[in-house]
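Below is the file input-v3.pdb, which contains PDB, C-alpha atoms.
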```
MODEL        1
ATOM      1  CA  MET A   1      81.510-171.645 -12.591
ATOM      2  CA  ASN A   2      83.618-168.851 -11.131
ATOM      3  CA  LYS A   3      83.261-167.726  -7.519
ATOM      4  CA  ARG A   4      81.490-164.382  -7.216
ATOM      5  CA  PRO A   5      83.871-161.418  -6.726
ATOM      6  CA  THR A   6      84.059-159.758  -3.318
ATOM      7  CA  ILE A   7      82.707-156.196  -3.182
ATOM      8  CA  LEU A   8      85.347-154.198  -1.314
ATOM      9  CA  ALA A   9      83.560-150.817  -1.229
ATOM     10  CA  THR A  10      80.814-148.769  -2.856
ATOM     11  CA  ARG A  11      80.614-144.989  -3.346
ATOM     12  CA  ASP A  12      78.982-142.421  -5.601
ATOM     13  CA  ALA A  13      80.868-142.296  -8.874
ATOM     14  CA  PRO A  14      81.776-139.025 -10.539
ATOM     15  CA  GLN A  15      80.197-138.370 -13.894
ATOM     16  CA  ASP A  16      82.286-139.749 -16.730
ATOM     17  CA  HIS A  17      82.336-139.409 -20.496
ATOM     18  CA  PHE A  18      80.230-142.572 -20.956
ATOM     19  CA  ARG A  19      77.312-141.620 -18.696
ATOM     20  CA  ARG A  20      75.751-138.447 -17.390
ATOM     21  CA  VAL A  21      72.428-137.461 -15.886
ATOM     22  CA  GLU A  22      70.483-134.874 -17.870
ATOM     23  CA  GLU A  23      67.516-132.791 -16.784
ATOM     24  CA  VAL A  24      64.926-132.585 -19.568
ATOM     25  CA  ASP A  25      62.267-129.860 -19.404
ATOM     26  CA  LEU A  26      59.111-130.919 -21.245
ATOM     27  CA  GLU A  27      55.741-129.452 -22.076
ATOM     28  CA  PHE A  28      53.071-131.993 -22.940
ATOM     29  CA  SER A  29      50.238-131.444 -25.433
ATOM     30  CA  ASN A  30      47.825-130.717 -22.561
ATOM     31  CA  GLY A  31      50.037-127.854 -21.313
ATOM     32  CA  GLU A  32      51.503-129.756 -18.342
ATOM     33  CA  ARG A  33      55.192-129.065 -17.763
ATOM     34  CA  ARG A  34      57.617-131.419 -16.057
ATOM     35  CA  THR A  35      61.336-131.865 -15.612
ATOM     36  CA  PHE A  36      62.535-135.425 -16.095
ATOM     37  CA  HIS A  37      65.932-136.889 -15.333
ATOM     38  CA  ARG A  38      67.500-139.146 -17.904
ATOM     39  CA  LEU A  39      70.687-141.177 -17.808
ATOM     40  CA  HIS A  40      72.371-140.233 -21.072
ATOM     41  CA  SER A  41      74.752-142.782 -22.535
ATOM     42  CA  GLY A  42      77.740-141.583 -24.504
ATOM     43  CA  GLY A  43      79.977-143.432 -26.869
ATOM     44  CA  HIS A  44      79.095-144.870 -30.247
ATOM     45  CA  GLY A  45      76.398-147.346 -29.250
ATOM     46  CA  ALA A  46      76.409-151.027 -28.407
ATOM     47  CA  VAL A  47      75.679-154.427 -29.910
ATOM     48  CA  LEU A  48      74.172-157.636 -28.565
ATOM     49  CA  ILE A  49      74.972-160.711 -30.619
ATOM     50  CA  VAL A  50      72.931-163.884 -31.142
ATOM     51  CA  ALA A  51      75.771-166.185 -32.238
ATOM     52  CA  MET A  52      74.500-169.293 -33.986
ATOM     53  CA  ARG A  53      76.954-172.212 -33.737
ATOM     54  CA  ASP A  54      74.705-174.111 -36.137
ATOM     55  CA  ALA A  55      71.087-173.854 -37.292
ATOM     56  CA  ASP A  56      69.777-175.083 -33.920
ATOM     57  CA  THR A  57      72.314-173.873 -31.323
ATOM     58  CA  VAL A  58      73.137-170.423 -29.964
ATOM     59  CA  LEU A  59      76.316-169.667 -27.967
ATOM     60  CA  LEU A  60      75.704-167.808 -24.703
ATOM     61  CA  VAL A  61      78.190-166.491 -22.139
ATOM     62  CA  ARG A  62      78.162-166.611 -18.355
ATOM     63  CA  GLU A  63      79.415-163.259 -17.093
ATOM     64  CA  TYR A  64      79.479-161.472 -13.734
ATOM     65  CA  GLY A  65      76.960-158.612 -13.475
ATOM     66  CA  VAL A  66      77.903-156.147 -10.749
ATOM     67  CA  GLY A  67      74.447-154.517 -10.934
ATOM     68  CA  ILE A  68      72.820-157.676  -9.550
ATOM     69  CA  ASP A  69      75.989-159.131  -7.941
ATOM     70  CA  SER A  70      75.706-162.511  -9.624
ATOM     71  CA  TYR A  71      76.710-164.470 -12.702
ATOM     72  CA  GLU A  72      74.252-164.122 -15.557
ATOM     73  CA  LEU A  73      73.818-166.285 -18.646
ATOM     74  CA  GLY A  74      73.094-164.227 -21.757
ATOM     75  CA  ALA A  75      74.139-163.152 -25.203
ATOM     76  CA  PRO A  76      77.573-161.613 -25.825
ATOM     77  CA  LYS A  77      77.462-157.818 -26.020
ATOM     78  CA  GLY A  78      79.690-154.768 -26.011
ATOM     79  CA  ARG A  79      80.351-151.207 -27.113
ATOM     80  CA  ILE A  80      80.832-150.086 -30.675
ATOM     81  CA  ASP A  81      84.281-148.508 -30.912
ATOM     82  CA  GLU A  82      84.910-145.271 -32.785
ATOM     83  CA  GLY A  83      85.057-145.917 -36.515
ATOM     84  CA  GLU A  84      83.397-149.352 -36.291
ATOM     85  CA  THR A  85      80.112-150.387 -37.849
ATOM     86  CA  ALA A  86      77.705-152.436 -35.749
ATOM     87  CA  GLU A  87      78.628-155.494 -37.857
ATOM     88  CA  GLN A  88      82.347-154.973 -37.212
ATOM     89  CA  ALA A  89      81.755-154.456 -33.482
ATOM     90  CA  ALA A  90      79.664-157.645 -33.294
ATOM     91  CA  ASP A  91      82.377-159.676 -35.018
ATOM     92  CA  ARG A  92      85.091-158.237 -32.726
ATOM     93  CA  GLU A  93      83.054-158.837 -29.566
ATOM     94  CA  LEU A  94      82.448-162.451 -30.620
ATOM     95  CA  LYS A  95      86.178-162.999 -31.052
ATOM     96  CA  GLU A  96      86.882-161.441 -27.647
ATOM     97  CA  GLU A  97      84.086-163.102 -25.668
ATOM     98  CA  ILE A  98      83.505-166.538 -27.238
ATOM     99  CA  GLY A  99      86.556-167.140 -29.429
ATOM    100  CA  PHE A 100      84.700-167.175 -32.751
ATOM    101  CA  GLY A 101      84.363-164.788 -35.665
ATOM    102  CA  ALA A 102      81.368-164.686 -37.997
ATOM    103  CA  ARG A 103      81.332-164.684 -41.781
ATOM    104  CA  SER A 104      77.732-163.418 -41.722
ATOM    105  CA  VAL A 105      76.449-160.688 -39.377
ATOM    106  CA  GLN A 106      73.084-159.024 -39.879
ATOM    107  CA  PHE A 107      70.986-156.486 -38.029
ATOM    108  CA  LEU A 108      67.775-157.764 -36.376
ATOM    109  CA  GLY A 109      66.538-154.680 -34.535
ATOM    110  CA  THR A 110      67.148-152.189 -31.754
ATOM    111  CA  LEU A 111      66.222-152.640 -28.090
ATOM    112  CA  SER A 112      66.108-150.054 -25.320
ATOM    113  CA  LEU A 113      67.074-150.862 -21.772
ATOM    114  CA  SER A 114      64.708-148.578 -19.879
ATOM    115  CA  PRO A 115      63.163-145.918 -22.128
ATOM    116  CA  SER A 116      61.516-144.065 -19.206
ATOM    117  CA  TYR A 117      64.850-142.832 -17.863
ATOM    118  CA  MET A 118      67.733-143.970 -20.094
ATOM    119  CA  SER A 119      68.760-143.004 -23.621
ATOM    120  CA  HIS A 120      70.720-146.233 -24.101
ATOM    121  CA  THR A 121      69.812-148.565 -26.961
ATOM    122  CA  ILE A 122      71.516-151.705 -28.229
ATOM    123  CA  GLN A 123      71.567-153.121 -31.748
ATOM    124  CA  VAL A 124      70.679-156.809 -31.962
ATOM    125  CA  MET A 125      72.884-158.649 -34.452
ATOM    126  CA  LEU A 126      72.571-162.210 -35.756
ATOM    127  CA  ALA A 127      75.948-163.925 -36.325
ATOM    128  CA  GLN A 128      76.152-167.065 -38.446
ATOM    129  CA  ASP A 129      78.790-169.163 -40.205
ATOM    130  CA  LEU A 130      81.155-169.013 -37.217
ATOM    131  CA  TYR A 131      84.839-169.896 -37.359
ATOM    132  CA  PRO A 132      87.427-170.142 -34.539
ATOM    133  CA  GLU A 133      89.365-166.942 -33.841
ATOM    134  CA  ARG A 134      90.191-165.301 -30.526
ATOM    135  CA  LEU A 135      91.105-161.693 -29.767
ATOM    136  CA  PRO A 136      92.129-160.409 -26.329
ATOM    137  CA  GLY A 137      89.169-158.810 -24.585
ATOM    138  CA  ASP A 138      88.660-156.432 -21.672
ATOM    139  CA  GLU A 139      86.910-158.888 -19.349
ATOM    140  CA  PRO A 140      88.608-159.411 -15.962
ATOM    141  CA  GLU A 141      88.163-163.201 -16.219
ATOM    142  CA  GLU A 142      87.534-165.738 -18.958
ATOM    143  CA  LEU A 143      83.870-166.058 -19.842
ATOM    144  CA  GLU A 144      82.218-169.462 -19.849
ATOM    145  CA  VAL A 145      80.649-170.235 -23.242
ATOM    146  CA  VAL A 146      77.386-172.189 -22.981
ATOM    147  CA  PRO A 147      75.704-173.703 -26.058
ATOM    148  CA  TRP A 148      71.891-173.660 -25.916
ATOM    149  CA  ARG A 149      69.323-175.163 -28.277
ATOM    150  CA  MET A 150      66.944-172.584 -29.726
ATOM    151  CA  ASP A 151      64.004-174.990 -29.352
ATOM    152  CA  LYS A 152      64.633-174.933 -25.574
ATOM    153  CA  LEU A 153      64.281-171.164 -25.034
ATOM    154  CA  HIS A 154      61.282-171.843 -22.772
ATOM    155  CA  GLU A 155      63.653-173.736 -20.430
ATOM    156  CA  LEU A 156      66.298-171.001 -20.635
ATOM    157  CA  ILE A 157      63.968-168.234 -19.463
ATOM    158  CA  ALA A 158      62.909-170.329 -16.450
ATOM    159  CA  ARG A 159      66.480-170.318 -15.079
ATOM    160  CA  ASP A 160      67.431-168.107 -12.120
ATOM    161  CA  ASP A 161      70.615-166.952 -13.893
ATOM    162  CA  VAL A 162      68.807-165.648 -16.994
ATOM    163  CA  THR A 163      67.280-162.249 -16.205
ATOM    164  CA  ASP A 164      68.679-159.880 -18.847
ATOM    165  CA  GLY A 165      65.587-158.807 -20.758
ATOM    166  CA  ARG A 166      67.660-157.689 -23.749
ATOM    167  CA  SER A 167      69.196-161.154 -24.163
ATOM    168  CA  ILE A 168      65.815-162.834 -23.806
ATOM    169  CA  ALA A 169      64.170-160.522 -26.340
ATOM    170  CA  ALA A 170      67.084-160.881 -28.789
ATOM    171  CA  LEU A 171      66.940-164.679 -28.650
ATOM    172  CA  PHE A 172      63.226-164.656 -29.453
ATOM    173  CA  MET A 173      63.793-162.099 -32.244
ATOM    174  CA  ALA A 174      66.444-164.381 -33.747
ATOM    175  CA  ARG A 175      64.270-167.471 -33.413
ATOM    176  CA  GLU A 176      61.391-165.754 -35.187
ATOM    177  CA  PHE A 177      63.716-164.351 -37.880
ATOM    178  CA  LEU A 178      65.264-167.767 -38.539
ATOM    179  CA  ALA A 179      61.777-169.301 -38.795
ATOM    180  CA  GLY A 180      60.749-166.669 -41.356
ATOM    181  CA  ARG A 181      58.116-165.058 -39.107
ATOM    182  CA  TYR A 182      59.949-161.745 -38.464
ATOM    183  CA  ARG A 183      61.771-159.308 -40.718
ATOM    184  CA  PRO A 184      63.593-156.230 -39.407
ATOM    185  CA  SER A 185      62.129-152.939 -40.599
TER     186      SER A 185
ENDMDL
END
```
Let's see the structure in the file written out as structure tokens.
Amino acid sequence: MNKRPTILATRDAPQDHFRRVEEVDLEFSNGERRTFHRLHSGGHGAVLIVAMRDADTVLLVREYGVGIDSYELGAPKGRIDEGETAEQAADRELKEEIGFGARSVQFLGTLSLSPSYMSHTIQVMLAQDLYPERLPGDEPEELEVVPWRMDKLHELIARDDVTDGRSIAALFMAREFLAGRYRPS
């Protein structure tokens, strides 16, 4: 495992074209009025990929998360680039992050990060029939790829380095889909 990066400084960041804070004036059905603040995400959306190496094994990545200043084990994910479909973005991100493409990519559902104050959502994609192919990515260091058995998800969520709720939810969505107990709407 890589050594955690050193934080050299922190400061308030200027607003950028990917994120901005919006004030939202609301009137509720009972007449109450409030102003809420919401972090508005720009761009074209994002994907989180459950990449199945085989029928029983998912490929996870260990990646540094600056928000919690530690390495986190979770599903590969990334932005959808302009002109890409979610399926194309998922396939590209797989090639960049784990060194595999997917012959089959399908939509499982949409998750929100924190609907009380963020507009950001992520599309959960299931990738199957993987084949080796690597594209250069934008990560500052190579990501560790960790295979994990789907029948051991209960052990995965007990780990200290697995805290991303989106990854956890996506893995359970995929497990239920693969077992025939869940169908995306």
Let me have the centre and edge lengths of the axis-aligned box enclosing all listed atoms of range 27-34 of chain A with 6 Å padding on every side, in Å to one decimal, as lines of an AutoDock Vina configuration file.
```
center_x = 52.7
center_y = -129.9
center_z = -20.7
size_x = 21.8
size_y = 16.1
size_z = 21.4
```
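Distance-wise, CA of Asn2 in chain A and CA of Ile168 in chain A end up 22.7 Å apart.
Separating CA of Ser112 in chain A from CA of Arg166 in chain A is a distance of 7.9 Å.
Against the coordinates shown, the PyMOL selection byres ((chain A and resi 175-184) around 9) returns Ala55, Phe107, Leu108, Gly109, Met150, Asp151, Ala170, Leu171, Phe172, Met173, Ala174 and Ser185 of chain A.
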Exercise for review: Run the PyMOL selection byres ((chain A and resi 78) around 12) on the file and write out the hits as an NGL selection string.
Suggested key: :A and (43-49 or 75-77 or 79-81 or 86-97 or 121-125 or 137-139)
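Taking CA of Leu156 in chain A and CA of Tyr71 in chain A as the two end points, the separation is 14.6 Å.
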Practice item. Find, counting only C-alpha atoms, the residue in A:Ser29, A:Arg62, A:Ser114, A:Gly83 that gets nearest to Pro147 in chain A. Key: A:Arg62
**Study point:** Non-local contacts of range 98-105 of chain A (8 Å; all atoms listed in the file; under 6 positions in same chain excluded) as an NGL selection string
**Key:** :A and (59 or 61 or 76 or 87 or 90-92 or 125-135 or 143 or 145)
Exercise for review: Pick out the residues sitting within 7 Å of Asp25 in chain A, and hand them over as an NGL selection string; count all atoms listed in the file, and ignore anything fewer than 2 positions along from it in its own chain.
Suggested key: :A and (23 or 34-36)
Check your understanding: What do you get, as number ranges by chain, if you spell out every residue that the PyMOL selection byres ((chain A and resi 38) around 10) selects here?
Key -> A: 20-24, 35-37, 39-41, 115-120
Review point. Out of A:Arg159, A:Arg149, A:Gly165, A:Glu72, which residue has the shortest atom-to-atom distance to Leu113 in chain A when counting all atoms listed in the file?
Key: A:Gly165
Exercise for review: Quick one: everything within 10 Å of Lys152 in chain A, counting only C-alpha atoms, minus sequence neighbours fewer than 4 positions away in the same chain. Send it as a ChimeraX atom specification.
Suggested key: /A:56-57,148,156-157
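Counting only C-alpha atoms and comparing A:Ser167, A:Asp69, A:Val162, A:Gly31, the residue that lies closest to Thr6 in chain A is A:Asp69.
The shortest atom-to-atom distance to Glu63 in chain A, with all atoms listed in the file taken into account, belongs to A:Glu142 out of A:Glu32, A:Glu142, A:Glu155, A:Glu82.
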